Amino acid sequence: MKYTEIFKLKEMLEKANIPFEFIEHKDYRNGYQILYPVGGVQNICSVIEHGFSYGNRQNLLEIQGLMTKEEEEKTHDTVLGYLSAENVFERIQEHYQKQNSNDNNSAKDCQYDDKGE
């Protein structure tokens with residue numbers, strides 16, 4: 001198996017009972033994607049690992065969503081690559097816990113809080 005980091009993330013999400021969708025891309029990308037949904041409607045974070053993702057040669061993940069304001073300003077982009085499964089899991093888990101602890105919060109208002117870990 002060429003990519004293992006995305007399967008590590010998949011297993012972590014399953015163990016934490018965090019809802020997500022797992023997609024295998026058999027087209028030119030030849031890789032995988034995890035969509036982290038809120039209520040099964042709006043995707044808050046897309047995680048990819050395929051031949052064109054940032055970090056694929058190092059077996060690392062690329063995300064769209066759940067970036068800090070600092071990351072967005074630094075990259076001038078809406079995607080961030082070269083991330084470990086643990087780093088992405090922390091982002092998703094933090095959002096999921098905030099979302100479930102206060103149903104009155106809007107998912108759009110929940111931004112990943114980078115604590116430098």
# chains A, B, ... in the order shown; residues from 1 in each chain; ligands from 1
>>> residues_around(residues="stretch 4-6 of chain A", least_positions_apart="3", cutoff="9 Å", atoms="only C-alpha atoms", output="tab-separated table (two decimals) with N, CA and C atoms, in the first residue's frame")
chain	number	residue	atom	x	y	z
A	1	MET	N	0.86	-1.19	0.00
A	1	MET	CA	0.00	0.00	0.00
A	1	MET	C	0.90	1.23	0.00
A	9	LEU	N	-5.17	7.89	10.09
A	9	LEU	CA	-6.19	8.88	10.47
A	9	LEU	C	-7.57	8.24	10.48
A	10	LYS	N	-7.88	7.44	9.49
A	10	LYS	CA	-9.17	6.75	9.40
A	10	LYS	C	-9.40	5.92	10.66
A	11	GLU	N	-8.40	5.17	11.07
A	11	GLU	CA	-8.52	4.34	12.26
A	11	GLU	C	-8.72	5.19	13.52
A	32	TYR	N	-6.59	8.72	-1.73
A	32	TYR	CA	-7.70	8.63	-0.79
A	32	TYR	C	-8.07	10.00	-0.25
A	33	GLN	N	-9.31	10.08	0.22
A	33	GLN	CA	-9.84	11.32	0.79
A	33	GLN	C	-10.74	10.99	1.97
A	34	ILE	N	-10.62	11.82	3.01
A	34	ILE	CA	-11.53	11.75	4.15
A	34	ILE	C	-12.26	13.07	4.22
A	47	VAL	N	-9.49	15.89	3.82
A	47	VAL	CA	-8.12	15.40	3.99
A	47	VAL	C	-7.80	14.52	2.79
A	48	ILE	N	-6.67	14.76	2.16
A	48	ILE	CA	-6.31	13.96	0.99
A	48	ILE	C	-4.89	13.43	1.11
A	49	GLU	N	-4.68	12.32	0.45
A	49	GLU	CA	-3.34	11.77	0.25
A	49	GLU	C	-3.38	11.06	-1.10
A	59	ASN	N	4.63	10.63	2.73
A	59	ASN	CA	3.51	9.91	3.36
A	59	ASN	C	2.82	10.80	4.39
A	60	LEU	N	2.61	12.06	4.03
A	60	LEU	CA	1.92	13.01	4.90
A	60	LEU	C	0.65	13.50	4.23
A	61	LEU	N	-0.19	14.17	5.00
A	61	LEU	CA	-1.54	14.54	4.55
A	61	LEU	C	-1.66	16.02	4.20
A	84	SER	N	0.87	15.29	9.73
A	84	SER	CA	0.75	13.91	10.20
A	84	SER	C	-0.71	13.59	10.50
A	85	ALA	N	-0.99	12.30	10.59
A	85	ALA	CA	-2.34	11.86	10.96
A	85	ALA	C	-2.70	12.39	12.35
>>> residues_around(residues="stretch 13-22 of chain A", least_positions_apart="2", cutoff="12 Å", atoms="only C-alpha atoms", output="ChimeraX atom specification")
/A:6-11,24-25,31-49,85-86,88-97,99-100
>>> write_last_selection(atoms="C-alpha atoms", output="mmCIF file, in the first residue's frame")
data_model
loop_
_atom_site.group_PDB
_atom_site.id
_atom_site.type_symbol
_atom_site.label_atom_id
_atom_site.label_comp_id
_atom_site.auth_asym_id
_atom_site.auth_seq_id
_atom_site.Cartn_x
_atom_site.Cartn_y
_atom_site.Cartn_z
ATOM 1 C CA ILE A 6 -4.535 8.468 5.742
ATOM 2 C CA PHE A 7 -5.409 4.958 6.941
ATOM 3 C CA LYS A 8 -3.910 5.810 10.329
ATOM 4 C CA LEU A 9 -6.187 8.876 10.473
ATOM 5 C CA LYS A 10 -9.173 6.754 9.403
ATOM 6 C CA GLU A 11 -8.524 4.338 12.261
ATOM 7 C CA GLU A 24 -10.915 5.968 -2.697
ATOM 8 C CA HIS A 25 -9.975 7.852 -5.873
ATOM 9 C CA GLY A 31 -5.295 8.046 -3.648
ATOM 10 C CA TYR A 32 -7.697 8.632 -0.789
ATOM 11 C CA GLN A 33 -9.837 11.317 0.786
ATOM 12 C CA ILE A 34 -11.525 11.747 4.145
ATOM 13 C CA LEU A 35 -14.423 14.180 4.442
ATOM 14 C CA TYR A 36 -15.251 15.303 7.946
ATOM 15 C CA PRO A 37 -18.928 16.290 7.927
ATOM 16 C CA VAL A 38 -21.090 18.161 10.388
ATOM 17 C CA GLY A 39 -24.565 16.703 10.433
ATOM 18 C CA GLY A 40 -23.677 14.883 7.226
ATOM 19 C CA VAL A 41 -24.319 18.046 5.238
ATOM 20 C CA GLN A 42 -21.427 20.486 5.360
ATOM 21 C CA ASN A 43 -17.820 19.336 5.061
ATOM 22 C CA ILE A 44 -15.638 21.163 7.551
ATOM 23 C CA CYS A 45 -12.392 19.460 6.562
ATOM 24 C CA SER A 46 -11.234 17.531 3.530
ATOM 25 C CA VAL A 47 -8.115 15.395 3.985
ATOM 26 C CA ILE A 48 -6.313 13.957 0.995
ATOM 27 C CA GLU A 49 -3.340 11.772 0.250
ATOM 28 C CA ALA A 85 -2.343 11.864 10.965
ATOM 29 C CA GLU A 86 -1.986 12.907 14.606
ATOM 30 C CA VAL A 88 -5.051 16.309 11.522
ATOM 31 C CA PHE A 89 -6.836 14.145 14.091
ATOM 32 C CA GLU A 90 -6.259 16.782 16.804
ATOM 33 C CA ARG A 91 -7.835 19.435 14.573
ATOM 34 C CA ILE A 92 -10.863 17.315 13.754
ATOM 35 C CA GLN A 93 -11.294 16.052 17.306
ATOM 36 C CA GLU A 94 -11.130 19.585 18.738
ATOM 37 C CA HIS A 95 -13.774 20.792 16.295
ATOM 38 C CA TYR A 96 -15.976 17.755 16.909
ATOM 39 C CA GLN A 97 -15.824 18.182 20.688
ATOM 40 C CA GLN A 99 -19.468 21.246 18.101
ATOM 41 C CA ASN A 100 -20.976 18.585 20.360
#
>>> select_by_dssp(residues="chain A", states="alpha helix (DSSP H)", output="ChimeraX atom specification")
/A:5-15,69-75,85-101
>>> closest_residue(among="A:Asn87, A:Val79, A:Asn102, A:Gly65", to="A:Ser53", atoms="only C-alpha atoms")
A:Val79
